[in-house]
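Contents: one structure, followed by commentary.
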Amino acid sequence: MEEKDKSELIIEDPTVEQTKLRRRAIVGQIILGVLLIVFWELSSRIGWLDSYYWSSPSTIVRTGWKAIVQGNLLQDLAYTSGSTILGFILGTAAGYLLGLTFWWSDLYSRIFEPYLIAFNAVPKLALAPVLVIMFGIGFDSKVVLAFLMTIIVAAIAAYSGVENVDKDLEKMLVSLGAKRRHVFMKVVVPTTLPWIVSILKINISLALAGTIVGEFISSRQGIGRMILYAGQVLDIDLVWVGVVVLSILSIVMYLGTVWLEHVLMKGRTPKP
């Protein structure tokens, strides 16, 4: 009877169940993706979809390989990835530090909070033409756009974390002789970390969007420039290559933020 109870406990282990569910979900996602690709290919071949406008997976693969061998697809991919990641890192880090500054002074936070909210409401992408003129059509302007797309989101997330710091814990540490910088490092930073981690997935997509818009406006390299050029010469297959590459890139970057979130939050309890 005792052995039976142990086996039942193992079967009902939530961790094991979550692992099985995650595996089944991954398998299901792969199957669904394969079915969509097969349906797309067959629909193009039998005429359900206009192959001129919608192309087909096989044509996209051939065009993509040609762009790698005879074109600059890999260089464009590196250009877009580099500016996106650099802007994402700089914007998220700067926003986090900016949000943390609101803890140091109530007067400071009251003065600057409305400006933070107002700047968040400004459509940063509308400033893209000005930024491209200011910083040039090269790498810098794309990084700046990705930076601006992410800094305010990170700052607001960090500020929200600051507002949720346990005031009683702060007072207790101060009463025990802790200095303000010790309270900051031991209480404020650990409390706000889950808040900033929670917006990493959002920020990486915003950074990519900022980079692509910058490349659409004016650029010598990048996937966005490639898509714009393909549209101008009516090379629809190359347009789809750019779209597919961007989709794959966004998935890879999303998975990268998931891994980073796991690393940063390892051994910590999730944000309430």
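Simple scheme: letters A, B, ... for chains in structure tokens order, numbers from 1 for residues in each chain, numbers from 1 for ligands in the order shown.
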**Asked** Can you list, as number ranges by chain, every protein, DNA or RNA residue that comes within 12 Å of Val241 in chain A when you count only C-alpha atoms, leaving out same-chain residues fewer than 4 positions away?
**Response** A: 54-68, 73, 77, 223-224, 226-228, 230-231, 235-237, 245-248
**Asked** What's the 12 Å shell around Thr211 in chain A, counting only C-alpha atoms, without same-chain residues fewer than 2 positions away, as a PyMOL selection string?
**Response** chain A and resi 77+79-88+124-125+128+131-132+137-150+204-209+213-219+221-225+246
Go ahead and save the residues from that selection, with N, CA and C atoms, as a compact mmCIF listing (two decimals), in the first residue's frame.
# COMPACT_ATOMS: atom_id res chain seq x y z
N LEU A 77 21.43 40.66 -42.23
CA LEU A 77 20.93 40.05 -41.00
C LEU A 77 21.81 40.45 -39.81
N TYR A 79 23.63 43.13 -39.56
CA TYR A 79 23.43 44.56 -39.34
C TYR A 79 22.17 44.82 -38.51
N THR A 80 21.07 44.21 -38.92
CA THR A 80 19.80 44.39 -38.20
C THR A 80 19.88 43.81 -36.79
N SER A 81 20.45 42.64 -36.66
CA SER A 81 20.56 41.99 -35.35
C SER A 81 21.44 42.82 -34.42
N GLY A 82 22.57 43.30 -34.93
CA GLY A 82 23.50 44.05 -34.10
C GLY A 82 22.90 45.34 -33.58
N SER A 83 22.26 46.11 -34.45
CA SER A 83 21.67 47.38 -34.00
C SER A 83 20.50 47.13 -33.05
N THR A 84 19.72 46.09 -33.29
CA THR A 84 18.60 45.77 -32.41
C THR A 84 19.08 45.37 -31.02
N ILE A 85 20.04 44.46 -30.96
CA ILE A 85 20.52 43.97 -29.66
C ILE A 85 21.22 45.07 -28.88
N LEU A 86 22.04 45.87 -29.57
CA LEU A 86 22.75 46.95 -28.88
C LEU A 86 21.77 48.00 -28.34
N GLY A 87 20.79 48.38 -29.17
CA GLY A 87 19.79 49.33 -28.71
C GLY A 87 18.95 48.77 -27.57
N PHE A 88 18.63 47.49 -27.65
CA PHE A 88 17.86 46.83 -26.59
C PHE A 88 18.62 46.83 -25.27
N LYS A 124 7.45 57.51 -30.67
CA LYS A 124 8.89 57.63 -30.99
C LYS A 124 9.19 57.37 -32.47
N LEU A 125 8.42 56.49 -33.09
CA LEU A 125 8.67 56.17 -34.49
C LEU A 125 8.40 57.37 -35.40
N ALA A 128 11.49 59.20 -36.19
CA ALA A 128 12.53 58.46 -36.91
C ALA A 128 13.17 59.28 -38.03
N LEU A 131 15.64 61.65 -36.48
CA LEU A 131 16.79 60.96 -35.89
C LEU A 131 17.74 60.45 -36.97
N VAL A 132 17.18 60.00 -38.08
CA VAL A 132 18.03 59.54 -39.17
C VAL A 132 18.84 60.70 -39.74
N ILE A 137 22.50 57.90 -41.88
CA ILE A 137 21.78 56.72 -42.37
C ILE A 137 22.48 55.42 -41.99
N GLY A 138 23.53 55.52 -41.20
CA GLY A 138 24.29 54.34 -40.84
C GLY A 138 23.77 53.63 -39.60
N PHE A 139 24.67 52.92 -38.95
CA PHE A 139 24.35 52.04 -37.82
C PHE A 139 23.83 52.83 -36.62
N ASP A 140 24.38 54.01 -36.38
CA ASP A 140 24.07 54.77 -35.16
C ASP A 140 22.59 55.12 -35.05
N SER A 141 21.99 55.57 -36.14
CA SER A 141 20.59 55.98 -36.08
C SER A 141 19.67 54.81 -35.76
N LYS A 142 20.01 53.62 -36.21
CA LYS A 142 19.19 52.44 -35.90
C LYS A 142 19.29 52.08 -34.43
N VAL A 143 20.49 52.20 -33.88
CA VAL A 143 20.69 51.94 -32.45
C VAL A 143 19.91 52.95 -31.61
N VAL A 144 19.96 54.22 -32.01
CA VAL A 144 19.25 55.26 -31.28
C VAL A 144 17.74 55.01 -31.29
N LEU A 145 17.21 54.61 -32.44
CA LEU A 145 15.77 54.30 -32.51
C LEU A 145 15.40 53.13 -31.61
N ALA A 146 16.20 52.07 -31.64
CA ALA A 146 15.94 50.93 -30.76
C ALA A 146 16.07 51.35 -29.29
N PHE A 147 17.02 52.21 -29.00
CA PHE A 147 17.24 52.72 -27.65
C PHE A 147 16.01 53.49 -27.15
N LEU A 148 15.51 54.41 -27.98
CA LEU A 148 14.37 55.22 -27.58
C LEU A 148 13.09 54.39 -27.44
N MET A 149 12.98 53.34 -28.21
CA MET A 149 11.80 52.48 -28.13
C MET A 149 11.76 51.68 -26.83
N THR A 150 12.90 51.51 -26.19
CA THR A 150 12.97 50.62 -25.02
C THR A 150 13.21 51.34 -23.70
N ILE A 204 12.46 43.69 -26.51
CA ILE A 204 13.21 43.18 -27.65
C ILE A 204 12.40 43.35 -28.94
N SER A 205 11.09 43.19 -28.84
CA SER A 205 10.25 43.38 -30.04
C SER A 205 10.17 44.86 -30.41
N LEU A 206 10.12 45.74 -29.40
CA LEU A 206 10.12 47.18 -29.67
C LEU A 206 11.43 47.62 -30.30
N ALA A 207 12.53 47.07 -29.81
CA ALA A 207 13.84 47.42 -30.36
C ALA A 207 13.94 46.99 -31.82
N LEU A 208 13.44 45.81 -32.14
CA LEU A 208 13.46 45.33 -33.52
C LEU A 208 12.59 46.21 -34.41
N ALA A 209 11.43 46.60 -33.89
CA ALA A 209 10.54 47.48 -34.66
C ALA A 209 11.22 48.82 -34.94
N VAL A 213 12.11 50.22 -38.78
CA VAL A 213 11.58 51.50 -39.26
C VAL A 213 12.71 52.41 -39.70
N GLY A 214 13.80 52.43 -38.93
CA GLY A 214 14.96 53.23 -39.32
C GLY A 214 15.53 52.78 -40.66
N GLU A 215 15.57 51.47 -40.88
CA GLU A 215 16.07 50.95 -42.15
C GLU A 215 15.11 51.25 -43.30
N PHE A 216 13.81 51.29 -43.02
CA PHE A 216 12.85 51.65 -44.05
C PHE A 216 13.06 53.09 -44.51
N ILE A 217 13.36 53.97 -43.56
CA ILE A 217 13.49 55.39 -43.90
C ILE A 217 14.73 55.62 -44.74
N SER A 218 15.87 55.15 -44.26
CA SER A 218 17.11 55.30 -45.03
C SER A 218 18.20 54.45 -44.40
N SER A 219 18.82 53.62 -45.21
CA SER A 219 19.88 52.75 -44.69
C SER A 219 20.67 52.16 -45.85
N GLN A 221 22.27 49.18 -45.29
CA GLN A 221 22.21 47.75 -45.04
C GLN A 221 20.98 47.43 -44.19
N GLY A 222 20.76 46.14 -43.96
CA GLY A 222 19.69 45.70 -43.08
C GLY A 222 18.56 44.99 -43.81
N ILE A 223 17.83 44.19 -43.06
CA ILE A 223 16.70 43.45 -43.63
C ILE A 223 15.60 44.41 -44.07
N GLY A 224 15.38 45.47 -43.29
CA GLY A 224 14.38 46.46 -43.68
C GLY A 224 14.71 47.11 -45.01
N ARG A 225 15.98 47.45 -45.22
CA ARG A 225 16.41 48.03 -46.50
C ARG A 225 16.20 47.03 -47.63
N LEU A 246 12.88 38.03 -40.80
CA LEU A 246 12.54 38.84 -39.64
C LEU A 246 11.72 38.04 -38.62
**Request:** Point out the residue among A:Leu127, A:Leu49, A:Ala178, A:Leu116 with the least atom-to-atom distance to Ala154 in chain A, counting only C-alpha atoms.
**Result:** A:Leu116
**Message:** If we count only C-alpha atoms and set the cut-off at 8 Å, which residues sit around Ile199 in chain A, ignoring sequence neighbours fewer than 3 positions away in its own chain? Please answer as a PyMOL selection string.
**Reply:** chain A and resi 153-154+157+195-196+202-203
Save out the residues we just selected, all heavy atoms, as a PDB file, in the first residue's frame.
ATOM      1  N   VAL A 153       9.943  52.332 -21.551  1.00  0.00           N
ATOM      2  CA  VAL A 153       9.235  51.141 -21.053  1.00  0.00           C
ATOM      3  C   VAL A 153       9.976  50.550 -19.855  1.00  0.00           C
ATOM      4  O   VAL A 153       9.371  50.194 -18.836  1.00  0.00           O
ATOM      5  CB  VAL A 153       9.099  50.091 -22.169  1.00  0.00           C
ATOM      6  CG1 VAL A 153       8.447  48.815 -21.635  1.00  0.00           C
ATOM      7  CG2 VAL A 153       8.289  50.644 -23.328  1.00  0.00           C
ATOM      8  N   ALA A 154      11.303  50.467 -19.964  1.00  0.00           N
ATOM      9  CA  ALA A 154      12.108  49.943 -18.868  1.00  0.00           C
ATOM     10  C   ALA A 154      12.052  50.861 -17.655  1.00  0.00           C
ATOM     11  O   ALA A 154      11.981  50.400 -16.507  1.00  0.00           O
ATOM     12  CB  ALA A 154      13.554  49.749 -19.319  1.00  0.00           C
ATOM     13  N   ALA A 157       8.723  50.431 -15.880  1.00  0.00           N
ATOM     14  CA  ALA A 157       8.699  49.151 -15.170  1.00  0.00           C
ATOM     15  C   ALA A 157       9.503  49.232 -13.875  1.00  0.00           C
ATOM     16  O   ALA A 157       9.058  48.767 -12.814  1.00  0.00           O
ATOM     17  CB  ALA A 157       9.249  48.042 -16.071  1.00  0.00           C
ATOM     18  N   TRP A 195      10.459  43.207 -11.986  1.00  0.00           N
ATOM     19  CA  TRP A 195       9.673  44.119 -12.819  1.00  0.00           C
ATOM     20  C   TRP A 195      10.368  44.396 -14.137  1.00  0.00           C
ATOM     21  O   TRP A 195       9.721  44.452 -15.188  1.00  0.00           O
ATOM     22  CB  TRP A 195       9.422  45.431 -12.062  1.00  0.00           C
ATOM     23  CG  TRP A 195       8.508  45.273 -10.892  1.00  0.00           C
ATOM     24  CD1 TRP A 195       8.825  44.841  -9.634  1.00  0.00           C
ATOM     25  CD2 TRP A 195       7.099  45.525 -10.875  1.00  0.00           C
ATOM     26  NE1 TRP A 195       7.709  44.815  -8.843  1.00  0.00           N
ATOM     27  CE2 TRP A 195       6.634  45.234  -9.569  1.00  0.00           C
ATOM     28  CE3 TRP A 195       6.192  45.987 -11.827  1.00  0.00           C
ATOM     29  CZ2 TRP A 195       5.305  45.379  -9.198  1.00  0.00           C
ATOM     30  CZ3 TRP A 195       4.864  46.127 -11.461  1.00  0.00           C
ATOM     31  CH2 TRP A 195       4.431  45.825 -10.168  1.00  0.00           C
ATOM     32  N   ILE A 196      11.678  44.593 -14.089  1.00  0.00           N
ATOM     33  CA  ILE A 196      12.404  44.870 -15.330  1.00  0.00           C
ATOM     34  C   ILE A 196      12.531  43.610 -16.173  1.00  0.00           C
ATOM     35  O   ILE A 196      12.485  43.652 -17.401  1.00  0.00           O
ATOM     36  CB  ILE A 196      13.789  45.485 -15.026  1.00  0.00           C
ATOM     37  CG1 ILE A 196      14.363  46.175 -16.263  1.00  0.00           C
ATOM     38  CG2 ILE A 196      14.765  44.457 -14.512  1.00  0.00           C
ATOM     39  CD1 ILE A 196      13.607  47.396 -16.693  1.00  0.00           C
ATOM     40  N   ILE A 202       8.917  42.298 -24.230  1.00  0.00           N
ATOM     41  CA  ILE A 202       8.299  43.436 -24.912  1.00  0.00           C
ATOM     42  C   ILE A 202       9.373  44.330 -25.525  1.00  0.00           C
ATOM     43  O   ILE A 202       9.267  44.771 -26.668  1.00  0.00           O
ATOM     44  CB  ILE A 202       7.434  44.245 -23.919  1.00  0.00           C
ATOM     45  CG1 ILE A 202       6.294  43.378 -23.375  1.00  0.00           C
ATOM     46  CG2 ILE A 202       6.893  45.509 -24.569  1.00  0.00           C
ATOM     47  CD1 ILE A 202       5.499  44.037 -22.277  1.00  0.00           C
ATOM     48  N   ASN A 203      10.419  44.580 -24.756  1.00  0.00           N
ATOM     49  CA  ASN A 203      11.456  45.506 -25.217  1.00  0.00           C
ATOM     50  C   ASN A 203      12.219  44.992 -26.438  1.00  0.00           C
ATOM     51  O   ASN A 203      12.601  45.772 -27.302  1.00  0.00           O
ATOM     52  CB  ASN A 203      12.434  45.799 -24.077  1.00  0.00           C
ATOM     53  CG  ASN A 203      12.098  47.111 -23.375  1.00  0.00           C
ATOM     54  OD1 ASN A 203      11.062  47.713 -23.630  1.00  0.00           O
ATOM     55  ND2 ASN A 203      12.970  47.558 -22.495  1.00  0.00           N
TER      56      ASN A 203
END
**Prompt:** What residues in range 105-228 of chain A get the DSSP label alpha helix (DSSP H)? Please answer as a ChimeraX atom specification.
**Reply:** /A:106-121,128-135,139-163,167-175,180-183,189-197,200-217,223-228
Okay, now the selection with C-alpha atoms, as an mmCIF file, in the first residue's frame?
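Output below, filename part_0.cif:
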data_model
loop_
_atom_site.group_PDB
_atom_site.id
_atom_site.type_symbol
_atom_site.label_atom_id
_atom_site.label_comp_id
_atom_site.auth_asym_id
_atom_site.auth_seq_id
_atom_site.Cartn_x
_atom_site.Cartn_y
_atom_site.Cartn_z
ATOM 1 C CA ASP A 106 10.120 61.793 -3.373
ATOM 2 C CA LEU A 107 10.457 65.369 -4.632
ATOM 3 C CA TYR A 108 12.527 64.212 -7.603
ATOM 4 C CA SER A 109 10.010 61.502 -8.488
ATOM 5 C CA ARG A 110 7.064 63.913 -8.216
ATOM 6 C CA ILE A 111 8.757 66.424 -10.522
ATOM 7 C CA PHE A 112 9.857 64.013 -13.215
ATOM 8 C CA GLU A 113 7.048 61.412 -13.184
ATOM 9 C CA PRO A 114 4.631 63.382 -15.428
ATOM 10 C CA TYR A 115 7.423 64.004 -17.939
ATOM 11 C CA LEU A 116 8.228 60.302 -17.998
ATOM 12 C CA ILE A 117 4.589 59.478 -18.687
ATOM 13 C CA ALA A 118 4.337 62.224 -21.312
ATOM 14 C CA PHE A 119 7.444 61.041 -23.157
ATOM 15 C CA ASN A 120 6.064 57.502 -23.113
ATOM 16 C CA ALA A 121 2.970 58.797 -24.937
ATOM 17 C CA ALA A 128 12.525 58.460 -36.908
ATOM 18 C CA PRO A 129 13.080 60.777 -39.935
ATOM 19 C CA VAL A 130 14.538 63.463 -37.660
ATOM 20 C CA LEU A 131 16.789 60.960 -35.895
ATOM 21 C CA VAL A 132 18.033 59.539 -39.175
ATOM 22 C CA ILE A 133 18.933 63.070 -40.311
ATOM 23 C CA MET A 134 20.637 63.806 -36.977
ATOM 24 C CA PHE A 135 22.619 60.560 -36.665
ATOM 25 C CA PHE A 139 24.355 52.041 -37.816
ATOM 26 C CA ASP A 140 24.074 54.772 -35.161
ATOM 27 C CA SER A 141 20.589 55.984 -36.082
ATOM 28 C CA LYS A 142 19.192 52.442 -35.902
ATOM 29 C CA VAL A 143 20.687 51.939 -32.448
ATOM 30 C CA VAL A 144 19.246 55.264 -31.276
ATOM 31 C CA LEU A 145 15.771 54.305 -32.514
ATOM 32 C CA ALA A 146 15.944 50.933 -30.755
ATOM 33 C CA PHE A 147 17.237 52.722 -27.651
ATOM 34 C CA LEU A 148 14.366 55.223 -27.578
ATOM 35 C CA MET A 149 11.797 52.479 -28.132
ATOM 36 C CA THR A 150 12.972 50.620 -25.024
ATOM 37 C CA ILE A 151 14.250 53.124 -22.456
ATOM 38 C CA ILE A 152 10.915 54.551 -21.313
ATOM 39 C CA VAL A 153 9.235 51.141 -21.053
ATOM 40 C CA ALA A 154 12.108 49.943 -18.868
ATOM 41 C CA ALA A 155 12.037 53.133 -16.781
ATOM 42 C CA ILE A 156 8.301 52.830 -16.105
ATOM 43 C CA ALA A 157 8.699 49.151 -15.170
ATOM 44 C CA ALA A 158 11.518 49.977 -12.754
ATOM 45 C CA TYR A 159 9.530 52.875 -11.301
ATOM 46 C CA SER A 160 6.577 50.544 -10.724
ATOM 47 C CA GLY A 161 8.941 48.218 -8.885
ATOM 48 C CA VAL A 162 10.229 51.113 -6.771
ATOM 49 C CA GLU A 163 6.669 51.965 -5.751
ATOM 50 C CA LYS A 167 8.516 50.422 3.233
ATOM 51 C CA ASP A 168 8.412 48.584 6.549
ATOM 52 C CA LEU A 169 11.477 46.564 5.576
ATOM 53 C CA GLU A 170 13.286 49.778 4.657
ATOM 54 C CA LYS A 171 12.478 51.324 8.036
ATOM 55 C CA MET A 172 13.561 48.208 9.877
ATOM 56 C CA LEU A 173 16.939 48.128 8.127
ATOM 57 C CA VAL A 174 17.489 51.840 8.782
ATOM 58 C CA SER A 175 16.614 51.323 12.460
ATOM 59 C CA ARG A 180 20.750 54.335 2.444
ATOM 60 C CA ARG A 181 23.012 52.726 -0.140
ATOM 61 C CA HIS A 182 22.792 49.409 1.707
ATOM 62 C CA VAL A 183 18.981 49.568 1.653
ATOM 63 C CA VAL A 189 17.383 46.431 -6.520
ATOM 64 C CA PRO A 190 16.175 42.873 -5.688
ATOM 65 C CA THR A 191 12.567 44.095 -5.470
ATOM 66 C CA THR A 192 12.635 45.909 -8.821
ATOM 67 C CA LEU A 193 14.537 43.215 -10.728
ATOM 68 C CA PRO A 194 11.441 41.054 -11.441
ATOM 69 C CA TRP A 195 9.673 44.119 -12.819
ATOM 70 C CA ILE A 196 12.404 44.870 -15.330
ATOM 71 C CA VAL A 197 12.754 41.200 -16.251
ATOM 72 C CA LEU A 200 12.358 42.056 -21.608
ATOM 73 C CA LYS A 201 10.173 40.221 -24.145
ATOM 74 C CA ILE A 202 8.299 43.436 -24.912
ATOM 75 C CA ASN A 203 11.456 45.506 -25.217
ATOM 76 C CA ILE A 204 13.208 43.179 -27.653
ATOM 77 C CA SER A 205 10.250 43.384 -30.036
ATOM 78 C CA LEU A 206 10.116 47.179 -29.674
ATOM 79 C CA ALA A 207 13.837 47.417 -30.364
ATOM 80 C CA LEU A 208 13.464 45.331 -33.522
ATOM 81 C CA ALA A 209 10.544 47.482 -34.664
ATOM 82 C CA GLY A 210 12.596 50.657 -34.153
ATOM 83 C CA THR A 211 15.509 49.246 -36.126
ATOM 84 C CA ILE A 212 13.346 48.144 -39.051
ATOM 85 C CA VAL A 213 11.578 51.500 -39.263
ATOM 86 C CA GLY A 214 14.960 53.228 -39.321
ATOM 87 C CA GLU A 215 16.070 50.947 -42.151
ATOM 88 C CA PHE A 216 12.849 51.650 -44.052
ATOM 89 C CA ILE A 217 13.494 55.391 -43.900
ATOM 90 C CA ILE A 223 16.696 43.454 -43.632
ATOM 91 C CA GLY A 224 14.379 46.457 -43.678
ATOM 92 C CA ARG A 225 16.409 48.029 -46.499
ATOM 93 C CA MET A 226 16.310 44.717 -48.374
ATOM 94 C CA ILE A 227 12.519 44.513 -48.077
ATOM 95 C CA LEU A 228 12.120 48.128 -49.203
#
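Taking CA of Val165 in chain A and CA of Leu100 in chain A as endpoints, the distance between them is 11.1 Å.
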